[in-house]
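The block underneath contains the structure these notes are about, expressed in C-alpha cells.
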Amino acid sequence: MRRMETSEKKETAKVVEAQEQPELSAKASEAVKPQNRKKRSRWFKTHYTAVNICRFVLAATFLFSAFTKANDPVGLTIKLGDYAAALGLVRLPDYMLYSMGMILMLVEAILGVYLFVGMRRRRRVAAAATLFMMVMTAVTIWIAIYNPVSDCGCFGDAIKLSNAQTLMKNVVLLAMAIYITLKHKMMFRLIHKNWNWLVTVPCVLAYAVFYTYCAYMLPVVDYLPFAEGANLRQTIKTGDALDMRYKSTIVYKRGDETLEIGIDDDDPDSTWTYVETRTVMLDNVTDDEATAEFYVLDSDGDDITDDIIQGDGYSFLVIVPDIDRASEGCAGKFNSLYDYSLKFGYGFYFIATADEGQQARWRRNTGAKYPFCESEDRMLWQVVRDNPGLVLLQDGVVRRKWSQTSMPEFDYSKPLALSKAEEILNSKRINGKAVDFTQK
C-alpha cells in the first residue's frame with residue numbers, strides 16, 4: 001500500500017511539473033522577445049540608413065557625371081576617340097562618337113534619376129546600376145594596368161582623376177551598387193510610384209536638350225583653363241611662366257669665398273670657379289597658378305606665344321584644330337575681321353594645325369590673306385570647343401569665346417568697346433543671336 005501511495009505522489013508531481021513548465025517557458029520567451037525586437041529594430045535602422053545613403057551617393061555621382069558629359073560633348077567625343085584609338089579601331093565618324101556620347105550620358109542620367117526618386121522597379125534599377133558599374137570598373141582596371149589614356153574622363157574637365165584614383169572610386173561605387181541591389185526593398189520612394197514619370201521624363205529630356213545645345217554652342221560651364229575671364233598671363237605655362245615659378249642661383253667659389261648670382265646677372269671674372277646651379281620653387285608660387293600649356297608658332301616657326309598673351313589691347317584668335325574638317329562658312333567673316341583688326345590695330349591670329357598643302361587649299365577656297373599660325377590640335381581644342389571657334393582677348397584676359405554658330409556681327413566702322421553692361425546684355429548664354437559689340 002505504501003509503495004502504491006508513493007508512486008501516485010510521484011506521478012502527481014510530474015503532472016504538476018508538466019503543467020508549470022509551459023508557464024515558465026512562456027514567461028522566459030516573453031522576457032526575451034523585447035530584446036530580439038530591439039536587435040531587429042537596430043539592424044533594420046542601420047541597413048535602412050546605409051542603403052539610402054548609398055543610393056543617394058550613387059544617384060548624385062551618376063547625375064553629376066551625366067551633367068559634365070552633357071556640358072562638354074566635344075570633350076566627351078575626343079575622349080571616346082582616344083578609347084577607340086587605344087582599342088585599335090579606325091577613326092570613327094564624328095556623328096557616331098557624338099551619338100555614343102549621348103547614349104552614355106543618358107544612361108547615367110536615367111540611372112541617377114531612377115535611383116534618386118525610387119522607381120517602381122527598384123530591384124531592376126539597382127541591378128542595372130550594378131551592371132553599369134561592373135562594366136565601368138572593368139574598363140578602369142584596363143586603363144589602370146595598360147594606361148592607354150591618362151584620364152578616364154568620367155567627370156570631363158570638371159574633376160581630373162588619375163587612373164588609380166578612378167579605379168578606387170569605381171570599386172567603392174560598385175560595392176554600393178551591389179549592396180543596394182541586395183537590400184533594394186529598403187529604398188524608400190520620394191514620390192508615389194504612379195507619378196515617377198513626372199520627374200523622370202522631364203529630367204531625361206532636359207539632359208538630352210542640354211547635350212544638343214552645348215554641342216552646337218559652347219560649354220555653359222567652362223572648366224577649361226581658357227574660360228572666359230581667365231588671365232592667360234597667370235594660367236598659361238609658357239617658357240617665361242615656367243621660369244617665374246622657380247628661382248635659379250649660380251654658385252661660384254674663389255678660395256674660401258662663395259659668390260651667388262642670379263641667372264640673368266653678368267658672369268664674374270675668370271678668377272671665380274663655377275660650382276653649381278641651384279633651382280628652388282618659390283614659396284608664393286604653386287603649380288596651380290599655371291594650369292595649361294600653350295604655344296603658337298608663326299609661319300617662320302618662331303614662338304609668338306608671349307606676343308599673344310603679353311600683348312596690350314584687343315586680339316582675335318581664330319582657332320582651327322582640324323582644318324580638313326573645319327567649316328568654311330565663317331571664312332568670309334574671318335576675312336572681314338582681319339581687315340577690321342588691321343584698321344584699328346588689333347591683333348589677329350589664325351591658329352590652325354595645318355601643313356603647307358592644307359594652308360594653300362584653305363586660302364584657295366576662302367580667299368584668306370591673313371598669315372597662318374601653328375599649334376597642336378589637342379591644345380587648340382582646349383582653347384575653344386569648336387572647329388573653327390573665335391576668342392577675343394584683352395590684355396591677356398579671355399573676354400569672350402564663340403562657336404561658329406554664335407559668332408556676332410561686328411560694326412567694322414567702329415572700334416570695340418565692351419562695357420560690363422554690354423557683356424551682360426549680349427551674353428551668348430542669354431542670347432545666341434548675332435549682336436553688335438561696337439561703340440555706339
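Every chain in the C-alpha cells has a letter given in the order shown (A, B, ...), and although residue numbers restart at 1 in each chain, ligands are simply numbered from 1 in the order shown.
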
Backbone-only DSSP, strand (DSSP E or B) members of region 128-282 of chain A, as a ChimeraX atom specification = /A:231,236-237,246-254,257-262,273-281

Polymer residues at most 10 Å from region 215-225 of chain A, only C-alpha atoms, same-chain spacing of 4 or more positions, as a PyMOL selection string = chain A and resi 68-75+98+156-159+209-211+229-232+235-236+290-293+381-386+389+401-407+428-429+432

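Using only C-alpha atoms, the shortest contact distance between Thr130 (chain A) and any of A:Leu106, A:Ile145, A:Val204, A:Leu182 is found at A:Leu182.
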
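Once Pro388 (chain A) and its same-chain neighbours fewer than 3 positions away are set aside, Val318, Ile319, Val320, Ala326, Ser327 and Gln404 of chain A remain within 7 Å of it when counting only C-alpha atoms.
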
Write the selection just made, keeping N, CA, C and O atoms, as a compact mmCIF listing (two decimals), in the first residue's frame?
```txt
# COMPACT_ATOMS: atom_id res chain seq x y z
N VAL A 318 41.50 83.12 -84.03
CA VAL A 318 40.66 82.16 -84.76
C VAL A 318 41.29 80.78 -84.56
O VAL A 318 42.44 80.55 -84.94
N ILE A 319 40.56 79.88 -83.95
CA ILE A 319 41.08 78.59 -83.55
C ILE A 319 40.51 77.51 -84.48
O ILE A 319 39.30 77.35 -84.59
N VAL A 320 41.42 76.78 -85.14
CA VAL A 320 41.01 75.73 -86.08
C VAL A 320 41.80 74.46 -85.74
O VAL A 320 42.90 74.25 -86.26
N ALA A 326 37.14 71.54 -90.83
CA ALA A 326 36.60 72.83 -90.41
C ALA A 326 35.60 73.35 -91.43
O ALA A 326 35.79 73.21 -92.64
N SER A 327 34.54 73.97 -90.92
CA SER A 327 33.54 74.58 -91.80
C SER A 327 34.09 75.87 -92.38
O SER A 327 34.70 76.68 -91.68
N GLN A 404 31.16 78.62 -83.96
CA GLN A 404 30.87 79.12 -85.30
C GLN A 404 29.40 79.46 -85.48
O GLN A 404 29.06 80.27 -86.35
```

What does the distance from CA of Cys330 (chain A) to CA of Thr305 (chain A) come to in Å, to one decimal?
-> 24.6 Å

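Ranking A:Tyr252, A:Phe116, A:Thr137, A:Met187 by their shortest atom-to-atom distance to Thr200 (chain A), with only C-alpha atoms included, puts A:Phe116 first.
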
List as a compact mmCIF listing (two decimals) with N, CA, C and O atoms, in the first residue's frame the protein and nucleic acid residues near Asp324 (chain A), meaning an atom at most 9 Å away when only C-alpha atoms are counted, but skip any in the same chain fewer than 5 places from it.
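File written: out_36.txt
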```txt
# COMPACT_ATOMS: atom_id res chain seq x y z
N ALA A 354 47.87 72.74 -89.48
CA ALA A 354 47.80 72.57 -90.94
C ALA A 354 49.19 72.63 -91.54
O ALA A 354 50.03 73.44 -91.14
N GLN A 358 47.54 72.09 -96.82
CA GLN A 358 46.25 72.42 -96.24
C GLN A 358 46.04 73.93 -96.17
O GLN A 358 44.94 74.43 -96.40
N TRP A 362 43.08 76.05 -98.06
CA TRP A 362 42.18 76.96 -97.33
C TRP A 362 42.20 78.34 -97.98
O TRP A 362 41.14 78.96 -98.15
```

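Note that the spacing between CA of Leu115 (chain A) and CA of Thr181 (chain A) amounts to 11.2 Å.
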
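Candidate residues A:Arg378, A:Lys343, A:Arg364, A:Arg325 were compared for distance to Pro415 (chain A), and the nearest is A:Lys343, using only C-alpha atoms.
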
Mind checking DSSP for region 40-165 of chain A and telling me the helix (DSSP H, G or I) residues as a VMD selection string?
-> chain A and resid 40 to 71 73 to 86 94 to 117 122 to 146 163 to 165
